[in-house]
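Chemist: See start-v5.tsv below, with TSV, C-alpha atoms.
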chain	number	residue	atom	x	y	z
A	242	MET	CA	106.50	98.07	71.29
A	243	SER	CA	108.58	99.77	68.61
A	244	HIS	CA	106.93	103.02	67.66
A	245	LEU	CA	105.55	106.23	69.11
A	246	PHE	CA	102.05	106.24	70.56
A	247	ASP	CA	99.51	108.61	69.04
A	248	PHE	CA	99.28	111.77	71.10
A	249	ASP	CA	97.76	115.22	71.46
A	250	TYR	CA	99.91	117.96	72.96
A	251	HIS	CA	98.94	121.46	74.06
A	252	ASN	CA	100.57	123.58	76.73
A	253	PRO	CA	98.86	126.97	77.07
A	254	THR	CA	100.99	128.27	79.97
A	255	ALA	CA	102.83	131.47	79.04
A	256	ILE	CA	106.33	131.50	80.55
A	257	HIS	CA	107.98	134.82	81.42
A	258	PHE	CA	111.59	133.98	82.22
A	259	GLY	CA	114.37	136.23	83.45
A	260	PRO	CA	115.38	138.87	86.00
A	261	GLY	CA	112.72	141.38	86.97
A	262	ARG	CA	109.82	139.46	85.46
A	263	ILE	CA	107.72	139.80	88.62
A	264	ALA	CA	107.16	143.46	87.72
A	265	ARG	CA	105.03	142.25	84.78
A	266	LEU	CA	102.52	140.66	87.11
A	267	ARG	CA	100.04	143.52	87.17
A	268	GLU	CA	99.68	143.66	83.39
A	269	LEU	CA	99.10	139.92	83.22
A	270	LEU	CA	96.32	139.74	85.81
A	271	PRO	CA	92.70	140.12	84.68
A	272	PRO	CA	91.28	143.65	85.11
A	273	GLN	CA	89.02	143.91	88.15
A	274	GLY	CA	90.07	140.47	89.31
A	275	ARG	CA	89.61	139.34	92.91
A	276	VAL	CA	92.88	137.57	93.64
A	277	LEU	CA	93.77	134.96	96.25
A	278	TRP	CA	97.52	135.34	96.87
A	279	LEU	CA	98.86	132.07	98.22
A	280	TYR	CA	102.34	131.57	99.64
A	281	GLY	CA	104.30	129.38	102.04
A	282	GLY	CA	106.37	129.85	105.16
A	283	GLY	CA	107.56	133.40	104.65
A	284	SER	CA	110.87	133.00	102.82
A	285	ILE	CA	109.51	135.36	100.17
A	286	LYS	CA	109.72	138.13	102.76
A	287	ARG	CA	113.48	137.56	103.03
A	288	ASN	CA	114.39	137.34	99.35
A	289	GLY	CA	112.50	140.37	98.05
A	290	VAL	CA	109.73	138.45	96.29
A	291	TYR	CA	107.05	139.54	98.75
A	292	ASP	CA	107.82	143.21	98.22
A	293	ALA	CA	107.99	142.80	94.44
A	294	VAL	CA	104.63	141.01	94.29
A	295	SER	CA	103.05	143.52	96.67
A	296	GLN	CA	104.19	146.35	94.44
A	297	ALA	CA	102.85	144.63	91.33
A	298	LEU	CA	99.47	144.01	92.98
A	299	ARG	CA	98.83	147.58	94.08
A	300	GLY	CA	95.33	148.59	93.11
A	301	CYS	CA	94.10	145.00	92.86
A	302	THR	CA	91.59	143.37	95.17
A	303	VAL	CA	93.79	140.84	96.95
A	304	HIS	CA	93.17	138.37	99.76
A	305	THR	CA	96.21	136.64	101.20
A	306	PHE	CA	96.64	133.14	102.59
A	307	ALA	CA	100.06	132.29	104.01
A	308	GLY	CA	101.59	129.20	105.52
A	309	VAL	CA	101.16	126.56	102.83
A	310	GLU	CA	103.42	123.74	104.01
A	311	PRO	CA	105.61	121.38	101.99
A	312	ASN	CA	103.43	118.47	100.86
A	313	PRO	CA	100.25	120.56	101.26
A	314	ALA	CA	97.41	118.82	103.06
A	315	LEU	CA	93.66	118.99	102.62
A	316	GLU	CA	93.16	119.91	106.26
A	317	SER	CA	95.43	122.97	106.13
A	318	LEU	CA	93.91	124.21	102.87
A	319	LEU	CA	90.29	124.17	104.00
A	320	PRO	CA	90.59	127.63	105.65
A	321	ALA	CA	91.91	129.01	102.36
A	322	LEU	CA	88.95	127.45	100.58
A	323	ALA	CA	86.56	129.08	103.05
A	324	LEU	CA	88.28	132.44	102.47
A	325	MET	CA	87.91	132.12	98.71
A	326	ARG	CA	84.23	131.38	98.95
A	327	ALA	CA	83.56	134.16	101.46
A	328	GLU	CA	85.38	136.76	99.36
A	329	ALA	CA	84.27	135.45	95.95
A	330	THR	CA	87.84	135.35	94.66
A	331	ASP	CA	88.09	134.55	90.96
A	332	PHE	CA	91.84	134.18	90.37
A	333	VAL	CA	94.53	132.22	92.23
A	334	LEU	CA	98.11	133.54	92.37
A	335	ALA	CA	100.53	130.98	93.83
A	336	VAL	CA	103.90	132.44	94.86
A	337	GLY	CA	106.40	129.77	95.86
A	338	GLY	CA	107.60	126.32	94.87
A	339	GLY	CA	105.72	123.27	93.71
A	340	SER	CA	103.82	122.75	96.96
A	341	VAL	CA	102.30	126.24	96.89
A	342	ILE	CA	101.45	125.92	93.19
A	343	ASP	CA	99.89	122.47	93.75
A	344	ALA	CA	97.82	123.95	96.58
A	345	GLY	CA	96.68	126.75	94.28
A	346	LYS	CA	95.54	124.28	91.64
A	347	PHE	CA	93.59	122.25	94.18
A	348	LEU	CA	91.88	125.38	95.52
A	349	ALA	CA	91.06	126.58	92.00
A	350	VAL	CA	89.12	123.35	91.43
A	351	ALA	CA	87.55	123.07	94.88
A	352	ALA	CA	86.33	126.67	94.97
A	353	LEU	CA	83.86	125.99	92.16
A	354	ALA	CA	82.43	122.75	93.53
A	355	ASP	CA	80.23	121.57	96.36
A	356	GLY	CA	80.82	118.38	98.29
A	357	ASP	CA	84.04	116.80	99.48
A	358	PRO	CA	87.01	118.31	97.59
A	359	TRP	CA	89.07	115.16	98.26
A	360	ASP	CA	86.87	113.42	95.68
A	361	PHE	CA	88.80	115.27	92.96
A	362	VAL	CA	92.15	114.21	94.40
A	363	ALA	CA	91.06	110.58	94.78
A	364	GLY	CA	89.71	110.44	91.23
A	365	ARG	CA	86.12	109.84	92.30
A	366	ARG	CA	84.93	113.01	90.60
A	367	ALA	CA	85.89	114.47	87.22
A	368	ILE	CA	87.31	117.98	87.02
A	369	GLU	CA	85.13	119.99	84.64
A	370	ARG	CA	86.20	123.53	85.48
A	371	ALA	CA	88.56	125.55	87.67
A	372	LEU	CA	89.40	129.14	88.47
A	373	PRO	CA	92.38	130.53	86.56
A	374	VAL	CA	95.74	129.99	88.27
A	375	ALA	CA	99.07	131.76	87.81
A	376	ALA	CA	102.46	131.15	89.43
A	377	VAL	CA	105.47	133.10	90.57
A	378	LEU	CA	108.10	130.40	90.94
A	379	THR	CA	110.65	130.69	93.76
A	380	LEU	CA	111.95	127.10	93.96
A	381	PRO	CA	112.50	125.10	90.75
A	382	ALA	CA	111.77	121.40	91.13
A	383	THR	CA	108.38	120.07	90.16
A	384	GLY	CA	107.51	121.87	86.92
A	385	SER	CA	104.10	122.51	88.48
A	386	GLU	CA	104.20	126.08	87.17
A	387	SER	CA	103.39	124.87	83.63
A	388	ASN	CA	101.69	121.49	83.94
A	389	GLY	CA	98.25	120.25	84.92
A	390	THR	CA	99.26	118.05	87.86
A	391	SER	CA	98.83	118.62	91.58
A	392	VAL	CA	99.82	116.49	94.59
A	393	ILE	CA	97.84	116.85	97.80
A	394	SER	CA	98.00	114.94	101.10
A	395	ARG	CA	95.35	114.09	103.67
A	396	HIS	CA	96.62	113.76	107.22
A	397	ALA	CA	93.55	111.93	108.52
A	398	THR	CA	94.26	108.89	106.36
A	399	ARG	CA	98.02	109.37	105.75
A	400	GLU	CA	97.47	109.56	102.00
A	401	LYS	CA	99.33	111.55	99.37
A	402	ARG	CA	97.81	111.53	95.89
A	403	ALA	CA	98.56	113.05	92.50
A	404	PHE	CA	95.71	114.18	90.28
A	405	ARG	CA	95.68	116.03	87.01
A	406	SER	CA	93.55	117.95	84.56
A	407	PRO	CA	94.11	120.44	81.73
A	408	TRP	CA	91.88	122.80	83.69
A	409	MET	CA	94.65	123.15	86.29
A	410	ARG	CA	97.42	124.35	83.96
A	411	PRO	CA	98.51	127.85	85.05
A	412	ARG	CA	97.61	130.67	82.66
A	413	PHE	CA	101.09	132.11	83.07
A	414	ALA	CA	104.21	131.65	85.18
A	415	LEU	CA	106.93	134.14	86.12
A	416	LEU	CA	110.39	132.61	86.49
A	417	ASP	CA	113.11	134.89	87.87
A	418	PRO	CA	116.31	132.89	88.52
A	419	GLN	CA	117.69	135.58	90.80
A	420	VAL	CA	115.32	134.51	93.59
A	421	MET	CA	117.14	131.16	93.83
A	422	ARG	CA	120.38	132.68	95.09
A	423	THR	CA	119.13	132.82	98.68
A	424	LEU	CA	117.74	129.28	98.78
A	425	PRO	CA	119.27	126.79	101.23
A	426	ASP	CA	121.51	124.10	99.75
A	427	ARG	CA	119.05	121.38	100.78
A	428	GLN	CA	116.27	122.94	98.73
A	429	LEU	CA	118.48	123.38	95.68
A	430	ALA	CA	119.65	119.77	95.88
A	431	ASN	CA	116.07	118.59	96.32
A	432	GLY	CA	114.94	120.57	93.30
A	433	LEU	CA	117.71	119.18	91.12
A	434	VAL	CA	116.99	115.57	92.10
A	435	ASP	CA	113.24	115.99	91.70
A	436	ALA	CA	113.74	117.30	88.15
A	437	PHE	CA	116.25	114.54	87.34
A	438	VAL	CA	113.82	111.80	88.37
A	439	HIS	CA	110.95	113.48	86.48
A	440	ALA	CA	112.99	113.21	83.29
A	441	CYS	CA	114.00	109.62	84.11
A	442	GLU	CA	110.39	108.52	84.63
A	443	GLN	CA	109.65	109.51	81.02
A	444	TYR	CA	112.92	108.15	79.58
A	445	LEU	CA	114.06	105.02	81.41
A	446	THR	CA	111.50	102.61	80.00
A	447	THR	CA	111.76	100.83	76.64
A	448	PRO	CA	112.92	102.18	73.25
A	449	VAL	CA	110.20	103.21	70.77
A	450	GLY	CA	112.35	105.06	68.25
A	451	ALA	CA	111.41	108.48	69.66
A	452	LEU	CA	114.40	110.44	68.42
A	453	VAL	CA	112.99	113.85	69.38
A	454	GLN	CA	111.66	112.91	72.82
A	455	ASP	CA	114.80	110.93	73.65
A	456	GLY	CA	116.92	113.88	72.55
A	457	TYR	CA	114.92	116.33	74.66
A	458	ALA	CA	115.10	114.06	77.71
A	459	GLU	CA	118.83	113.51	77.27
A	460	ALA	CA	119.45	117.25	76.98
A	461	VAL	CA	117.57	117.87	80.24
A	462	LEU	CA	119.32	114.97	82.01
A	463	ARG	CA	122.76	116.11	80.80
A	464	ALA	CA	122.07	119.62	82.03
A	465	LEU	CA	121.04	118.36	85.46
A	466	TYR	CA	124.05	116.03	85.61
A	467	ARG	CA	126.36	118.98	84.88
A	468	LEU	CA	124.59	121.13	87.47
A	469	ALA	CA	125.03	118.40	90.10
A	470	SER	CA	128.71	118.13	89.16
A	471	SER	CA	129.12	121.91	89.49
A	472	PHE	CA	127.05	122.35	92.66
A	473	ALA	CA	129.81	124.55	94.10
A	474	ARG	CA	128.67	127.22	91.61
A	475	ARG	CA	125.07	127.09	92.80
A	476	HIS	CA	124.90	130.80	93.69
A	477	GLU	CA	126.02	131.95	90.23
A	478	ILE	CA	123.23	133.27	88.04
A	479	GLU	CA	124.11	131.00	85.11
A	480	TRP	CA	123.78	127.91	87.33
A	481	CYS	CA	120.44	129.18	88.69
A	482	GLN	CA	119.09	129.94	85.23
A	483	ASN	CA	119.88	126.48	83.97
A	484	LEU	CA	118.33	124.68	86.94
A	485	MET	CA	115.17	126.77	86.78
A	486	TRP	CA	114.65	126.05	83.09
A	487	ALA	CA	115.72	122.39	83.22
A	488	ALA	CA	113.31	121.70	86.10
A	489	ASN	CA	110.51	123.34	84.16
A	490	GLN	CA	111.19	121.38	81.00
A	491	ALA	CA	111.54	118.07	82.85
A	492	LEU	CA	107.81	118.05	83.56
A	493	ALA	CA	106.20	120.56	81.22
A	494	GLY	CA	104.80	117.61	79.24
A	495	LEU	CA	106.86	117.46	76.08
A	496	LEU	CA	109.34	114.77	77.18
A	497	GLY	CA	106.60	112.23	77.72
A	498	VAL	CA	104.36	112.62	74.67
A	499	GLY	CA	104.12	109.47	72.59
A	500	VAL	CA	106.51	107.42	74.73
A	501	PRO	CA	106.02	104.87	77.55
A	502	GLN	CA	106.38	106.28	81.04
A	503	ASP	CA	107.06	104.68	84.41
A	504	TRP	CA	106.10	106.60	87.54
A	505	ALA	CA	106.79	103.81	90.04
A	506	THR	CA	109.51	105.85	91.77
A	507	HIS	CA	107.02	108.62	92.42
A	508	ALA	CA	104.32	106.19	93.56
A	509	ILE	CA	106.68	104.76	96.17
A	510	GLY	CA	108.03	108.20	97.04
A	511	ARG	CA	104.57	109.56	97.78
A	512	GLU	CA	103.96	106.76	100.28
A	513	LEU	CA	107.32	107.38	101.96
A	514	THR	CA	106.38	111.03	102.42
A	515	ALA	CA	102.91	110.15	103.70
A	516	LEU	CA	104.31	107.65	106.21
A	517	TYR	CA	107.50	109.35	107.35
A	518	ASP	CA	107.16	113.03	106.33
A	519	LEU	CA	110.37	112.91	104.27
A	520	ASP	CA	111.25	115.55	101.68
A	521	HIS	CA	109.77	114.49	98.36
A	522	ALA	CA	113.10	114.51	96.50
A	523	ARG	CA	114.73	112.43	99.21
A	524	THR	CA	112.09	109.75	98.82
A	525	LEU	CA	112.96	109.62	95.12
A	526	SER	CA	116.69	109.19	95.70
A	527	ILE	CA	115.84	106.40	98.15
A	528	ALA	CA	113.46	104.54	95.83
A	529	GLN	CA	114.84	104.94	92.32
A	530	PRO	CA	118.15	103.01	92.41
A	531	TRP	CA	116.53	99.97	94.06
A	532	LEU	CA	113.72	100.06	91.51
A	533	LEU	CA	116.20	100.25	88.65
A	534	ARG	CA	118.13	97.25	89.97
A	535	GLU	CA	114.95	95.21	90.23
A	536	THR	CA	113.84	96.13	86.69
A	537	VAL	CA	117.29	96.24	85.08
A	538	ALA	CA	116.46	93.59	82.48
A	539	ALA	CA	113.39	95.47	81.23
A	540	LYS	CA	115.20	98.81	81.22
A	541	GLU	CA	118.63	97.68	80.07
A	542	GLN	CA	118.50	99.20	76.60
A	543	LYS	CA	117.52	102.64	77.85
A	544	LEU	CA	120.00	102.49	80.74
A	545	LEU	CA	122.80	101.77	78.25
A	546	GLN	CA	121.54	104.63	76.10
A	547	MET	CA	121.59	106.88	79.15
A	548	GLY	CA	125.16	105.83	79.86
A	549	ARG	CA	126.20	106.82	76.33
A	550	GLU	CA	124.17	109.98	75.84
A	551	VAL	CA	123.95	111.45	79.36
A	552	PHE	CA	127.02	110.24	81.24
A	553	ARG	CA	129.10	109.94	78.04
A	554	ARG	CA	130.29	106.42	78.90
A	555	ALA	CA	130.17	104.08	75.95
A	556	ASP	CA	131.89	101.13	77.62
A	557	THR	CA	129.58	100.78	80.61
A	558	ASP	CA	126.89	98.28	81.56
A	559	ALA	CA	123.41	98.90	82.97
A	560	LEU	CA	124.40	98.36	86.61
A	561	GLN	CA	127.24	100.85	86.24
A	562	VAL	CA	124.76	103.43	84.95
A	563	ILE	CA	122.66	102.89	88.07
A	564	ALA	CA	125.82	103.35	90.15
A	565	GLU	CA	126.44	106.63	88.30
A	566	ILE	CA	122.95	107.82	89.23
A	567	GLU	CA	123.68	106.93	92.86
A	568	ALA	CA	126.96	108.83	92.67
A	569	LEU	CA	125.07	111.90	91.48
A	570	TYR	CA	122.79	111.66	94.52
A	571	ARG	CA	125.76	111.15	96.83
A	572	ARG	CA	127.34	114.37	95.52
A	573	LEU	CA	124.19	116.18	96.54
A	574	GLN	CA	124.12	114.47	99.98
A	575	MET	CA	120.86	112.67	99.27
A	576	PRO	CA	119.95	109.45	101.11
A	577	LEU	CA	119.81	106.13	99.28
A	578	SER	CA	117.84	104.18	101.88
A	579	LEU	CA	115.49	104.79	104.80
A	580	PRO	CA	118.26	104.25	107.40
A	581	GLU	CA	120.34	106.92	105.66
A	582	ALA	CA	117.37	109.26	106.01
A	583	GLY	CA	117.21	108.53	109.74
A	584	ILE	CA	114.22	106.16	109.52
A	585	SER	CA	114.49	102.86	111.36
A	586	ASP	CA	111.19	101.00	111.07
A	587	PRO	CA	111.17	97.18	110.91
A	588	ASP	CA	107.61	97.33	109.57
A	589	ALA	CA	108.36	99.84	106.79
A	590	ALA	CA	108.07	97.34	103.92
A	591	ASP	CA	104.79	95.96	105.25
A	592	ARG	CA	103.34	99.46	105.68
A	593	MET	CA	104.28	100.43	102.14
A	594	MET	CA	103.01	97.18	100.64
A	595	THR	CA	99.63	97.81	102.21
A	596	ALA	CA	99.53	101.31	100.77
A	597	LEU	CA	100.88	100.46	97.31
A	598	LEU	CA	99.05	97.26	96.38
A	599	PRO	CA	95.83	99.18	95.55
A	600	GLN	CA	97.99	101.29	93.19
A	601	GLN	CA	99.48	98.30	91.38
A	602	HIS	CA	98.46	99.77	88.01
A	603	GLN	CA	101.05	102.55	88.55
A	604	LEU	CA	103.90	100.11	89.12
A	605	ARG	CA	105.10	99.23	85.63
A	606	ASP	CA	107.36	96.13	85.50
A	607	LEU	CA	106.69	95.34	89.18
A	608	ASP	CA	104.54	92.45	90.30
A	609	PRO	CA	103.89	92.08	94.07
A	610	PRO	CA	106.97	89.88	94.78
A	611	ALA	CA	109.21	92.34	92.92
A	612	LEU	CA	107.63	95.25	94.77
A	613	ARG	CA	108.28	93.48	98.07
A	614	ARG	CA	111.96	93.04	97.19
A	615	VAL	CA	112.31	96.73	96.35
A	616	LEU	CA	110.60	97.87	99.54
A	617	SER	CA	112.62	95.52	101.71
A	618	ALA	CA	115.85	96.73	100.12
A	619	LEU	CA	115.18	100.45	100.49
A	620	SER	CA	113.94	99.89	104.05
A	621	SER	CA	117.18	98.20	105.10
A	622	GLY	CA	119.71	99.60	102.64
A	623	THR	CA	120.68	96.10	101.46
A	624	ALA	CA	119.40	93.91	98.66
Produce structure tokens that represent the structure in this file.

Modeler:
Amino acid sequence: MSHLFDFDYHNPTAIHFGPGRIARLRELLPPQGRVLWLYGGGSIKRNGVYDAVSQALRGCTVHTFAGVEPNPALESLLPALALMRAEATDFVLAVGGGSVIDAGKFLAVAALADGDPWDFVAGRRAIERALPVAAVLTLPATGSESNGTSVISRHATREKRAFRSPWMRPRFALLDPQVMRTLPDRQLANGLVDAFVHACEQYLTTPVGALVQDGYAEAVLRALYRLASSFARRHEIEWCQNLMWAANQALAGLLGVGVPQDWATHAIGRELTALYDLDHARTLSIAQPWLLRETVAAKEQKLLQMGREVFRRADTDALQVIAEIEALYRRLQMPLSLPEAGISDPDAADRMMTALLPQQHQLRDLDPPALRRVLSALSSGTA
């Protein structure tokens, strides 16, 4: 493989970035719309976002659903779906981080369909339409505010699945970096690592001569590396602005067009969350370094390129680049194995093998024996 793939690219999400942008909300909503306002655990009532959105929505027909949890689950979203159908809502406004926005996308699809909504998540049913969705972002991490992907769990079967469709891209997203200044350190670190791995999954594969995409990815990765190195400045507005935009660009779609991608870290991470209820970003910091060690031969050229262009180390080898990634995670106090995350389960590798083997098509460069070695290593913290 030595050249770009053919591709089509279109991102219709309008981004409104900067302080005070939430005040624009009313002018962006459809006239006479019946809005479902979706949010999470209530932090927006402490940072001023709730009041700002309430003010912007005065005069609108609004129905509110609160309490969307991290890693939103089908079971907890069914009452919201019932509310939407009872009130004939025709627009979804998700105010929060990636989990709330993912929940909004799922509801926008499910509200227009009969039958089991999990069929869309599981890929058994094609998405042919959805209600319009918009986002007010409060926690940068997933890029969900301007892409067509959603991740939903199902408690009954301990599944966590990603699904995607152009129909789920938000119509617009409001990004005000000031709202980040009250976020806990753990959430900021999670967001930074999530964005970093998103960029890696579209970059750390094999070279195809993609000068533009490589350059974009390296710019995003360098920005995130600098933000991790300057985490002490995390409450400064410049730091917040850069993380909010870098996280958006890491998964807005442009980095990955025309180039090979490898989402094995995310496939493993989703199963770790489903099994052990770990923060999504922490599952990524646990899985990625072990995956990179196992696939170092296949990824060596891009790892060396990352060392030169991101970490600015021309005299390094591929394993040292992986060590640099681990050092970045250490600076942010992220775990690098299940024991470091407080999980001691002698059956962890077996549980994950059972869950991941049906998803083998998502595990680029990993046959079952290689997957077993990775899972055993991250479960114990030793190769």

Chemist: I need the residue nearest Pro358 in chain A from this list: A:His439, A:His304, A:Arg395, A:Arg549. Use all atoms listed in the file for the distance.

Modeler: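 Ranked by minimum distance to Pro358 in chain A, first place goes to A:Arg395.
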
Chemist: So that I can check the surroundings of Met593 in chain A, please list as a PyMOL selection string every protein, DNA and RNA residue that reaches within 12 Å of it, counting all atoms listed in the file and ignoring chain neighbours fewer than 3 positions away.

Modeler: chain A and resi 399-400+508-517+528+586-590+596-601+609+612-617+619-620

Chemist: What's the 9 Å shell around Ala403 in chain A, counting all atoms listed in the file, without same-chain residues fewer than 5 positions away, as a list of chain:residue names?

Modeler: A:Val362, A:Ala363, A:Thr390, A:Ser391, A:Val392, A:Ile393, A:Ser394, A:Arg511

Chemist: Can you write out the residues you just picked, keeping C-alpha atoms, as a PDB file, in the coordinates of the input?

Modeler:
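Saved file again-v2.pdb follows:
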ATOM      1  CA  VAL A 362      92.150 114.210  94.400  1.00  0.00           C
ATOM      2  CA  ALA A 363      91.060 110.580  94.780  1.00  0.00           C
ATOM      3  CA  THR A 390      99.260 118.050  87.860  1.00  0.00           C
ATOM      4  CA  SER A 391      98.830 118.620  91.580  1.00  0.00           C
ATOM      5  CA  VAL A 392      99.820 116.490  94.590  1.00  0.00           C
ATOM      6  CA  ILE A 393      97.840 116.850  97.800  1.00  0.00           C
ATOM      7  CA  SER A 394      98.000 114.940 101.100  1.00  0.00           C
ATOM      8  CA  ARG A 511     104.570 109.560  97.780  1.00  0.00           C
TER       9      ARG A 511
END

Chemist: How close does range 332-451 of chain A get to range 253-275 of chain A? List, as CSV, each residue of range 332-451 of chain A within 6 Å, its nearest atom pair and the distance in Å to one decimal, counting all atoms listed in the file.

Modeler:
residue,atom,partner,partner_atom,distance
A:Ser387,CA,A:Thr254,CA,5.5
A:Pro411,CA,A:Thr254,CA,5.7
A:Arg412,CA,A:Thr254,CA,4.9
A:Phe413,CA,A:Ala255,CA,4.4
A:Ala414,CA,A:Ile256,CA,5.1
A:Leu415,CA,A:His257,CA,4.9
A:Leu416,CA,A:Phe258,CA,4.6
A:Asp417,CA,A:Gly259,CA,4.8

Chemist: From the options A:Val350, A:Leu569, A:Leu424, A:Val500, which residue's atoms come nearest to Leu465 in chain A, counting all atoms listed in the file?

Modeler: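 Of A:Val350, A:Leu569, A:Leu424, A:Val500, the one nearest Leu465 in chain A is A:Leu569, counting all atoms listed in the file.
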
Chemist: What's the separation between CA of Leu353 in chain A and CA of Asn312 in chain A, in Å to one decimal place?

Modeler: 22.7 Å

Chemist: Do you know which residues are at most 7 Å from Asp606 in chain A counting all atoms listed in the file, after dropping those on the same chain fewer than 2 positions away, and could you put them as a ChimeraX atom specification?

Modeler: /A:536,604,608

Chemist: Please measure the separation of CA of Val374 in chain A and CA of Thr423 in chain A, giving the value in Å to one decimal.

Modeler: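 Here the two named atoms are 25.8 Å from each other.
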
Chemist: Fewer than 2 positions away in the same chain doesn't count, so skip those; otherwise give me all residues within 12 Å of Gln561 in chain A, counting all atoms listed in the file, as a short mmCIF file (atom, residue, chain, number, x, y, z; two decimals) with C-alpha atoms, keeping the file's coordinate frame.

Modeler:
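Once written, part13.cif looks like this:
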data_model
loop_
_atom_site.label_atom_id
_atom_site.label_comp_id
_atom_site.auth_asym_id
_atom_site.auth_seq_id
_atom_site.Cartn_x
_atom_site.Cartn_y
_atom_site.Cartn_z
CA PRO A 530 118.15 103.01 92.41
CA LEU A 533 116.20 100.25 88.65
CA ARG A 534 118.13 97.25 89.97
CA VAL A 537 117.29 96.24 85.08
CA GLU A 541 118.63 97.68 80.07
CA LEU A 544 120.00 102.49 80.74
CA LEU A 545 122.80 101.77 78.25
CA MET A 547 121.59 106.88 79.15
CA GLY A 548 125.16 105.83 79.86
CA ARG A 549 126.20 106.82 76.33
CA PHE A 552 127.02 110.24 81.24
CA ARG A 554 130.29 106.42 78.90
CA ALA A 555 130.17 104.08 75.95
CA ASP A 556 131.89 101.13 77.62
CA THR A 557 129.58 100.78 80.61
CA ASP A 558 126.89 98.28 81.56
CA ALA A 559 123.41 98.90 82.97
CA ILE A 563 122.66 102.89 88.07
CA ALA A 564 125.82 103.35 90.15
CA GLU A 565 126.44 106.63 88.30
CA ILE A 566 122.95 107.82 89.23
CA GLU A 567 123.68 106.93 92.86
CA ALA A 568 126.96 108.83 92.67
#

Chemist: Here is a test: counting all atoms listed in the file, which residue of A:Ala624, A:Ala297, A:Met575, A:Ala611 is nearest to Ser526 in chain A?

Modeler: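 Closest residue, counting all atoms listed in the file: A:Met575.
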
Chemist: From the set A:Arg605, A:Asn431, A:Gly345, A:Pro576, which residue has the shortest atom-to-atom contact distance to Thr506 in chain A, counting all atoms listed in the file?

Modeler: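 That would be A:Arg605, the residue with the smallest distance to Thr506 in chain A.
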
Chemist: What separation in Å, quoted to one decimal, exists between CA of Val309 in chain A and CA of Ala430 in chain A?

Modeler: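 Answer for the CA of Val309 in chain A to CA of Ala430 in chain A separation: 20.9 Å.
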
Chemist: Between A:His507, A:Arg592, A:Arg326, A:Arg523, single out the one closest to Leu573 in chain A, counting all atoms listed in the file.

Modeler: A:Arg523

Chemist: Quick one: residues within 10 Å of Leu468 in chain A, all atoms listed in the file, excluding same-chain residues fewer than 6 positions away - as a list in words?

Modeler: Ala430, Leu433, Leu462, Arg474, Arg475, Trp480, Cys481, Asn483, Leu484 and Ala487 of chain A

Chemist: Complete range 267-279 of chain A with N, CA and C atoms (output as a PDB file, keeping the file's coordinate frame).

Modeler:
ATOM      1  N   ARG A 267     101.272 142.737  87.225  1.00  0.00           N
ATOM      2  CA  ARG A 267     100.040 143.520  87.170  1.00  0.00           C
ATOM      3  C   ARG A 267      99.418 143.514  85.784  1.00  0.00           C
ATOM      4  N   GLU A 268     100.233 143.610  84.747  1.00  0.00           N
ATOM      5  CA  GLU A 268      99.680 143.660  83.390  1.00  0.00           C
ATOM      6  C   GLU A 268      99.134 142.311  82.939  1.00  0.00           C
ATOM      7  N   LEU A 269      99.539 141.254  83.603  1.00  0.00           N
ATOM      8  CA  LEU A 269      99.100 139.920  83.220  1.00  0.00           C
ATOM      9  C   LEU A 269      97.818 139.478  83.930  1.00  0.00           C
ATOM     10  N   LEU A 270      97.509 140.116  85.059  1.00  0.00           N
ATOM     11  CA  LEU A 270      96.320 139.740  85.810  1.00  0.00           C
ATOM     12  C   LEU A 270      95.062 140.291  85.128  1.00  0.00           C
ATOM     13  N   PRO A 271      93.932 139.620  85.298  1.00  0.00           N
ATOM     14  CA  PRO A 271      92.700 140.120  84.680  1.00  0.00           C
ATOM     15  C   PRO A 271      92.252 141.430  85.323  1.00  0.00           C
ATOM     16  N   PRO A 272      91.794 142.400  84.531  1.00  0.00           N
ATOM     17  CA  PRO A 272      91.280 143.650  85.110  1.00  0.00           C
ATOM     18  C   PRO A 272      90.119 143.354  86.058  1.00  0.00           C
ATOM     19  N   GLN A 273      90.087 144.055  87.158  1.00  0.00           N
ATOM     20  CA  GLN A 273      89.020 143.910  88.150  1.00  0.00           C
ATOM     21  C   GLN A 273      88.978 142.537  88.807  1.00  0.00           C
ATOM     22  N   GLY A 274      90.058 141.785  88.703  1.00  0.00           N
ATOM     23  CA  GLY A 274      90.070 140.470  89.310  1.00  0.00           C
ATOM     24  C   GLY A 274      90.116 140.522  90.829  1.00  0.00           C
ATOM     25  N   ARG A 275      89.563 139.490  91.459  1.00  0.00           N
ATOM     26  CA  ARG A 275      89.610 139.340  92.910  1.00  0.00           C
ATOM     27  C   ARG A 275      90.567 138.163  93.188  1.00  0.00           C
ATOM     28  N   VAL A 276      91.762 138.505  93.634  1.00  0.00           N
ATOM     29  CA  VAL A 276      92.880 137.570  93.640  1.00  0.00           C
ATOM     30  C   VAL A 276      93.098 136.950  95.019  1.00  0.00           C
ATOM     31  N   LEU A 277      93.241 135.631  95.063  1.00  0.00           N
ATOM     32  CA  LEU A 277      93.770 134.960  96.250  1.00  0.00           C
ATOM     33  C   LEU A 277      95.274 134.803  96.049  1.00  0.00           C
ATOM     34  N   TRP A 278      96.052 135.445  96.920  1.00  0.00           N
ATOM     35  CA  TRP A 278      97.520 135.340  96.870  1.00  0.00           C
ATOM     36  C   TRP A 278      97.930 134.299  97.898  1.00  0.00           C
ATOM     37  N   LEU A 279      98.499 133.229  97.401  1.00  0.00           N
ATOM     38  CA  LEU A 279      98.860 132.070  98.220  1.00  0.00           C
ATOM     39  C   LEU A 279     100.369 131.967  98.303  1.00  0.00           C
TER      40      LEU A 279
END
